[in-house]
file my_file-v1.txt (compact mmCIF, C-alpha atoms)
# COMPACT_ATOMS: atom_id res chain seq x y z
CA MET A 1 -74.91 -60.76 21.39
CA SER A 2 -76.17 -63.13 24.04
CA GLU A 3 -78.63 -62.36 26.73
CA TYR A 4 -75.81 -62.52 29.25
CA SER A 5 -73.83 -59.30 29.07
CA PHE A 6 -70.52 -58.73 30.74
CA GLY A 7 -70.64 -54.98 30.26
CA ASP A 8 -67.73 -53.43 28.46
CA PHE A 9 -65.42 -56.36 29.18
CA ASP A 10 -62.44 -56.57 26.89
CA PRO A 11 -60.68 -59.96 27.15
CA ASP A 12 -57.37 -58.39 26.05
CA ASP A 13 -57.41 -55.78 28.88
CA LEU A 14 -56.24 -57.48 32.09
CA SER A 15 -55.36 -54.31 34.00
CA GLY A 16 -58.00 -55.03 36.62
CA ALA A 17 -56.76 -58.55 37.38
CA GLY A 18 -55.43 -59.10 40.92
CA GLU A 19 -52.02 -60.49 39.97
CA GLN A 20 -51.36 -57.68 37.55
CA GLN A 21 -51.78 -55.06 40.37
CA SER A 22 -49.07 -56.60 42.55
CA VAL A 23 -46.65 -56.45 39.61
CA GLN A 24 -47.43 -52.74 39.20
CA GLN A 25 -46.65 -52.08 42.86
CA GLY A 26 -43.39 -53.97 42.57
CA PRO A 27 -41.66 -56.25 45.02
CA LYS A 28 -41.58 -55.41 48.72
CA TRP A 29 -37.90 -54.35 48.71
CA PHE A 30 -38.62 -51.92 45.87
CA ARG A 31 -41.61 -50.38 47.67
CA GLU A 32 -39.54 -49.98 50.85
CA TYR A 33 -36.72 -48.37 48.87
CA MET A 34 -39.16 -45.98 47.19
CA ASP A 35 -40.66 -45.04 50.56
CA LYS A 36 -37.17 -44.33 51.93
CA VAL A 37 -36.22 -42.24 48.88
CA SER A 38 -39.52 -40.38 49.10
CA GLU A 39 -38.84 -39.45 52.75
CA GLN A 40 -35.31 -38.33 51.87
CA LEU A 41 -36.67 -36.20 49.05
CA LYS A 42 -39.17 -34.57 51.39
CA ALA A 43 -36.39 -33.82 53.90
CA ILE A 44 -34.20 -32.30 51.17
CA GLN A 45 -37.09 -30.19 49.92
CA ALA A 46 -37.81 -28.94 53.45
CA GLU A 47 -34.12 -28.05 53.96
CA ASN A 48 -34.08 -26.30 50.58
CA GLU A 49 -37.13 -24.23 51.54
CA ARG A 50 -35.55 -23.32 54.87
CA LEU A 51 -32.31 -22.23 53.17
CA LYS A 52 -34.21 -20.17 50.60
CA ALA A 53 -36.15 -18.42 53.37
CA GLU A 54 -32.94 -17.76 55.32
CA LYS A 55 -31.22 -16.37 52.21
CA LYS A 56 -34.21 -14.15 51.50
CA GLN A 57 -34.25 -12.84 55.07
CA GLN A 58 -30.50 -12.09 54.88
CA ALA A 59 -31.01 -10.17 51.66
CA VAL A 60 -33.82 -8.17 53.25
CA ALA A 61 -31.69 -7.49 56.36
CA GLU A 62 -28.81 -6.21 54.22
CA ALA A 63 -31.18 -4.03 52.19
CA LEU A 64 -32.68 -2.60 55.39
CA ARG A 65 -29.22 -1.87 56.81
CA ALA A 66 -28.25 -0.14 53.54
CA LYS A 67 -31.38 2.02 53.75
CA GLY A 68 -30.62 3.02 57.35
CA TYR A 69 -33.09 0.75 59.16
CA ALA A 70 -32.34 -1.77 61.89
CA PRO A 71 -31.77 -5.18 60.24
CA GLN A 72 -33.89 -6.90 62.90
CA ALA A 73 -36.94 -5.59 61.03
CA ALA A 74 -36.25 -8.23 58.34
CA SER A 75 -38.24 -10.71 60.42
CA LEU A 76 -41.30 -8.46 60.06
CA PHE A 77 -41.16 -8.37 56.25
CA GLN A 78 -42.83 -11.39 54.62
CA GLY A 79 -42.75 -10.41 50.94
CA GLU A 80 -40.19 -10.69 48.18
CA PRO A 81 -37.00 -8.58 48.50
CA ASP A 82 -37.86 -6.59 45.35
CA LYS A 83 -41.06 -5.35 47.07
CA LEU A 84 -39.17 -3.99 50.09
CA ASP A 85 -39.32 -0.36 48.96
CA GLU A 86 -43.12 -0.45 48.73
CA TRP A 87 -43.33 -2.04 52.17
CA LEU A 88 -40.94 0.57 53.64
CA THR A 89 -43.06 3.37 52.17
CA ALA A 90 -46.09 1.99 53.99
CA ASN A 91 -44.43 0.82 57.23
CA GLY A 92 -41.01 2.52 57.44
CA ALA A 93 -42.12 5.15 59.96
CA ALA A 94 -42.70 2.43 62.58
CA LEU A 95 -39.21 0.92 62.19
CA ALA A 96 -36.10 1.82 64.11
CA LYS A 97 -33.55 3.84 62.19
CA LEU A 98 -29.81 3.37 62.63
CA THR A 99 -27.48 6.23 63.47
CA PRO A 100 -24.49 6.75 61.16
CA GLU A 101 -22.30 4.88 63.65
CA GLY A 102 -24.86 2.07 63.97
CA GLY A 103 -25.34 2.89 67.63
CA GLU A 104 -28.29 4.28 69.50
CA GLN A 105 -31.41 5.75 67.97
CA PRO A 106 -31.35 9.50 67.25
CA GLY A 107 -34.58 10.08 69.22
CA GLU A 108 -33.19 8.50 72.37
CA PRO A 109 -30.89 10.72 74.46
CA ALA A 110 -27.66 9.12 75.57
CA PRO A 111 -27.52 8.53 79.35
CA GLN A 112 -25.40 11.09 81.17
CA GLY A 113 -22.99 10.21 83.95
CA PRO A 114 -22.35 6.85 85.53
CA PRO A 115 -25.03 4.18 85.45
CA PRO A 116 -27.34 4.00 88.47
CA SER A 117 -25.85 2.14 91.40
CA THR A 118 -26.95 -1.35 92.35
CA VAL A 119 -25.39 -0.99 95.79
CA PRO A 120 -27.99 -0.63 98.59
CA ALA A 121 -28.27 2.86 100.09
CA ASP A 122 -26.73 1.85 103.42
CA GLY A 123 -23.61 0.47 101.65
CA GLN A 124 -23.13 3.39 99.24
CA GLU A 125 -21.24 5.55 101.76
CA GLN A 126 -18.78 2.74 102.47
CA MET A 127 -18.43 2.09 98.72
CA GLN A 128 -17.66 5.81 98.18
CA ARG A 129 -14.90 5.72 100.83
CA MET A 130 -13.36 2.63 99.22
CA GLN A 131 -13.37 4.31 95.81
CA GLU A 132 -11.76 7.47 97.23
CA GLN A 133 -9.00 5.45 98.86
CA GLY A 134 -8.38 3.53 95.67
CA THR A 135 -4.66 3.10 95.19
CA GLN A 136 -3.51 6.22 97.05
CA GLY A 137 0.03 5.74 98.27
CA VAL A 138 0.40 2.36 96.60
CA ALA A 139 2.82 1.82 93.76
CA PRO A 140 1.71 -0.14 90.71
CA PRO A 141 3.17 -3.63 90.43
CA GLN A 142 6.57 -3.83 88.71
CA GLY A 143 7.70 -6.75 86.51
CA THR A 144 6.01 -10.07 85.99
CA ASP A 145 4.55 -12.38 88.59
CA ASN A 146 7.44 -14.81 88.13
CA GLU A 147 9.99 -12.05 88.70
CA LEU A 148 8.18 -10.96 91.87
CA ALA A 149 7.97 -14.53 93.15
CA GLN A 150 11.72 -15.02 92.57
CA ALA A 151 12.52 -11.71 94.32
CA LEU A 152 10.34 -12.62 97.32
CA LYS A 153 12.01 -16.04 97.62
CA ALA A 154 15.43 -14.42 97.45
CA ALA A 155 14.64 -11.74 100.12
CA PRO A 156 17.38 -12.15 102.79
CA SER A 157 15.36 -10.74 105.71
CA TYR A 158 11.85 -10.03 106.87
CA GLU A 159 12.36 -6.28 106.44
CA ASP A 160 13.49 -6.77 102.81
CA PHE A 161 10.46 -8.97 102.21
CA ALA A 162 8.13 -6.27 103.67
CA LYS A 163 9.76 -3.51 101.57
CA LEU A 164 9.43 -5.61 98.43
CA MET A 165 5.75 -6.34 99.12
CA GLN A 166 4.96 -2.66 99.71
CA ALA A 167 6.96 -1.61 96.65
CA HIS A 168 4.77 -3.92 94.55
CA GLY A 169 1.46 -2.48 95.68
CA ASN A 170 0.63 -4.44 98.84
CA PRO A 171 -0.98 -2.00 101.35
CA TYR A 172 -0.33 -4.28 104.35
CA ASP A 173 1.87 -2.72 107.06
CA TRP A 174 4.39 -5.50 107.61
CA GLY A 175 5.89 -3.79 110.68
CA THR A 176 2.69 -3.77 112.81
CA GLY A 177 0.79 -6.62 111.15
CA ALA A 178 -2.23 -4.57 110.01
CA ALA A 179 -3.47 -3.12 106.75
CA SER A 180 -2.53 0.51 106.36
call {"tool": "encode", "arguments": {"input": "my_file-v1.txt", "output": "structure tokens"}}
result
Amino acid sequence: MSEYSFGDFDPDDLSGAGEQQSVQQGPKWFREYMDKVSEQLKAIQAENERLKAEKKQQAVAEALRAKGYAPQAASLFQGEPDKLDEWLTANGAALAKLTPEGGEQPGEPAPQGPPPSTVPADGQEQMQRMQEQGTQGVAPPQGTDNELAQALKAAPSYEDFAKLMQAHGNPYDWGTGAAS
């Protein structure tokens, strides 16, 4: 060997040459295509992961409903569906249970009577009077709206018109011009 050493240079190995690297990367259109495909693949993988998570949460919600728990608790469970029983043993006491009808919780008493009023106190007396009056003395409407409209158009006199209106539930006193 000579006193000038080129290290471990192998003249047959040209992998480190500059022109050879650009061939390995490929032409620009190919690199752009590969970048586009890579982004599409990442988007598909993300969508796949989202769908898997959604399917898993649905399975957990159905299992919870079958065991008598509120299905909303599925968002609290982060494990695999086959580990749900172990998780319920540890945490089930803190979850809401469903009634057989799927309604209110057994520990909560059902409210009795009408819901609390949103009418101010000074208007409640007037509201009570209006409710008591209701439809006293007023007949329920008869026939369809079109039939009533035709009958009102065909009324030969004012008195017939007034009788027809009162017969169909209008509380207005057509003789004096005031509500009765």
call {"tool": "closest_residue", "arguments": {"input": "my_file-v1.txt", "among": "A:Ser75, A:Gln45, A:Asn91, A:Gln131", "to": "Ala59 of chain A", "atoms": "all atoms listed in the file"}}
result
A:Ser75
call {"tool": "atom_distance", "arguments": {"input": "my_file-v1.txt", "atom1": "atom CA of Ala74 of chain A", "atom2": "atom CA of Leu51 of chain A"}}
result
15.4 Å
call {"tool": "atom_distance", "arguments": {"input": "my_file-v1.txt", "atom1": "atom CA of Glu39 of chain A", "atom2": "atom CA of Ala53 of chain A"}}
result
21.2 Å
call {"tool": "closest_residue", "arguments": {"input": "my_file-v1.txt", "among": "A:Leu98, A:Ile44, A:Ala90, A:Leu164", "to": "Ala66 of chain A", "atoms": "all atoms listed in the file"}}
result
A:Leu98
